[in-house]
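Below: the structure, in structure tokens.
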Amino acid sequence: ARALSAGTSVVSAVPWHRALLQRLGYLWWLKAVGTALFMGAFFVAYLHLLHFPRYPVTVMPLIAVDRAIGFQPGALVAYASLWVYVALPPALAPTLARLFSYARHMGGLCLAGIVVFVFWPTAVPPADVDWSLYPGYGLPKGIDAGGNACPSLHVATALYSAIWLAAGFREVGAARWVRGLNW
């Protein structure tokens, strides 16, 4: 397998899929506990701001894309998969330094969003949807309630994770289809 290290090409005798499994196994307990604690701490702060905003909530206007696409029931799978996806970069970190680097950067990203939400709480307009037809949405709607819509930390954390995963997949020489699936 081909891997990139510090911008230079090196050859590794370990196939890319085994290299990913090795990375997954490295300090797996620290990665699992750390990711759970990080997400838990974020949600405590986020939900507090959501339910107790300090300033008036701004309802964000719908844009053309919002009106063109509308509510898509199948999007629940993509929404739920985000929590697995953003856990992949730390799970695949090959070293403690990379793990802490990802945590610092992701923490900074989330902290920036939280600071914006403190001073500028936002919400999406109520959707014209009969939610009783979509019981699977009960939990996410009960937790998030369409608040703090801008900036979208869903998009920001997913994109940041995609960038980290792309680098990791390049390092182990992952197949093109894996790198493409990431994007």
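As shown in the structure tokens, the chain order sets the letters A, B, ...; within each chain, residues go from 1, and ligands are also counted from 1 in the order they appear.
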DSSP alpha helix (DSSP H) selection over chain A, as a ChimeraX atom specification: /A:16-25,28-51,64-69,75-85,88-91,96-119,138-144,153-172,176-182
Counting only C-alpha atoms, what are the residues of range 2-84 of chain A within 10 Å of range 96-101 of chain A, and for each of them which pair of atoms is the nearest and at what distance in Å, to one decimal? Sort the table by chain and rising number, as JSON lines.
{"residue": "A:Tyr26", "atom": "CA", "partner": "A:Leu96", "partner_atom": "CA", "distance": 9.1}
{"residue": "A:Leu27", "atom": "CA", "partner": "A:Leu96", "partner_atom": "CA", "distance": 8.3}
{"residue": "A:Leu30", "atom": "CA", "partner": "A:Leu96", "partner_atom": "CA", "distance": 9.7}
{"residue": "A:Lys31", "atom": "CA", "partner": "A:Leu99", "partner_atom": "CA", "distance": 7.9}
{"residue": "A:Gly34", "atom": "CA", "partner": "A:Leu99", "partner_atom": "CA", "distance": 9.8}
Store the residues picked out above in a file with N, CA and C atoms, as a PDB file, in the first residue's frame.
ATOM      1  N   TYR A  26      -5.707   1.244  17.959  1.00  0.00           N
ATOM      2  CA  TYR A  26      -4.752   2.011  18.764  1.00  0.00           C
ATOM      3  C   TYR A  26      -5.498   2.892  19.766  1.00  0.00           C
ATOM      4  N   LEU A  27      -5.296   2.669  21.050  1.00  0.00           N
ATOM      5  CA  LEU A  27      -5.930   3.433  22.126  1.00  0.00           C
ATOM      6  C   LEU A  27      -7.445   3.551  21.946  1.00  0.00           C
ATOM      7  N   LEU A  30      -9.485   4.994  24.872  1.00  0.00           N
ATOM      8  CA  LEU A  30      -9.342   6.434  25.078  1.00  0.00           C
ATOM      9  C   LEU A  30     -10.150   7.197  24.027  1.00  0.00           C
ATOM     10  N   LYS A  31     -10.084   6.735  22.792  1.00  0.00           N
ATOM     11  CA  LYS A  31     -10.824   7.378  21.714  1.00  0.00           C
ATOM     12  C   LYS A  31     -12.329   7.289  21.954  1.00  0.00           C
ATOM     13  N   GLY A  34     -13.185   9.410  25.150  1.00  0.00           N
ATOM     14  CA  GLY A  34     -12.972  10.823  24.832  1.00  0.00           C
ATOM     15  C   GLY A  34     -14.026  11.377  23.894  1.00  0.00           C
TER      16      GLY A  34
END
Write out as JSON lines the residues of range 121-174 of chain A that have any atom within 9 Å of an atom of range 70-89 of chain A, one row each with the nearest atom pair and its distance in Å to one decimal, counting only C-alpha atoms, sorted by chain and then rising number.
{"residue": "A:Ala127", "atom": "CA", "partner": "A:Phe71", "partner_atom": "CA", "distance": 8.0}
{"residue": "A:Asp128", "atom": "CA", "partner": "A:Phe71", "partner_atom": "CA", "distance": 8.9}
{"residue": "A:Val129", "atom": "CA", "partner": "A:Phe71", "partner_atom": "CA", "distance": 7.8}
{"residue": "A:Tyr134", "atom": "CA", "partner": "A:Pro73", "partner_atom": "CA", "distance": 7.4}
{"residue": "A:Gly136", "atom": "CA", "partner": "A:Leu76", "partner_atom": "CA", "distance": 7.8}
{"residue": "A:Tyr137", "atom": "CA", "partner": "A:Leu76", "partner_atom": "CA", "distance": 7.3}
{"residue": "A:Pro140", "atom": "CA", "partner": "A:Leu76", "partner_atom": "CA", "distance": 8.9}
{"residue": "A:His154", "atom": "CA", "partner": "A:Leu82", "partner_atom": "CA", "distance": 7.6}
{"residue": "A:Thr157", "atom": "CA", "partner": "A:Val86", "partner_atom": "CA", "distance": 6.7}
{"residue": "A:Ala158", "atom": "CA", "partner": "A:Val86", "partner_atom": "CA", "distance": 6.2}
{"residue": "A:Tyr160", "atom": "CA", "partner": "A:Val86", "partner_atom": "CA", "distance": 8.5}
{"residue": "A:Ser161", "atom": "CA", "partner": "A:Val86", "partner_atom": "CA", "distance": 5.6}
{"residue": "A:Ala162", "atom": "CA", "partner": "A:Val86", "partner_atom": "CA", "distance": 8.3}
{"residue": "A:Trp164", "atom": "CA", "partner": "A:Pro89", "partner_atom": "CA", "distance": 6.2}
{"residue": "A:Leu165", "atom": "CA", "partner": "A:Pro89", "partner_atom": "CA", "distance": 5.7}
{"residue": "A:Gly168", "atom": "CA", "partner": "A:Pro89", "partner_atom": "CA", "distance": 8.0}
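Minimum atom-to-atom distances from A:Val178, A:Cys110, A:Ala93, A:Ala167 to Gly25 in chain A were compared using only C-alpha atoms, and the lowest value belongs to A:Ala93.
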Given only C-alpha atoms as the counted atoms, nearest of A:Leu20, A:Ala123, A:Ala174, A:Ala103 to Phe38 in chain A: A:Ala103
Strand (DSSP E) call set, DSSP backbone run, range 38-132 of chain A, as a PyMOL selection string: chain A and resi 58-59+122-123
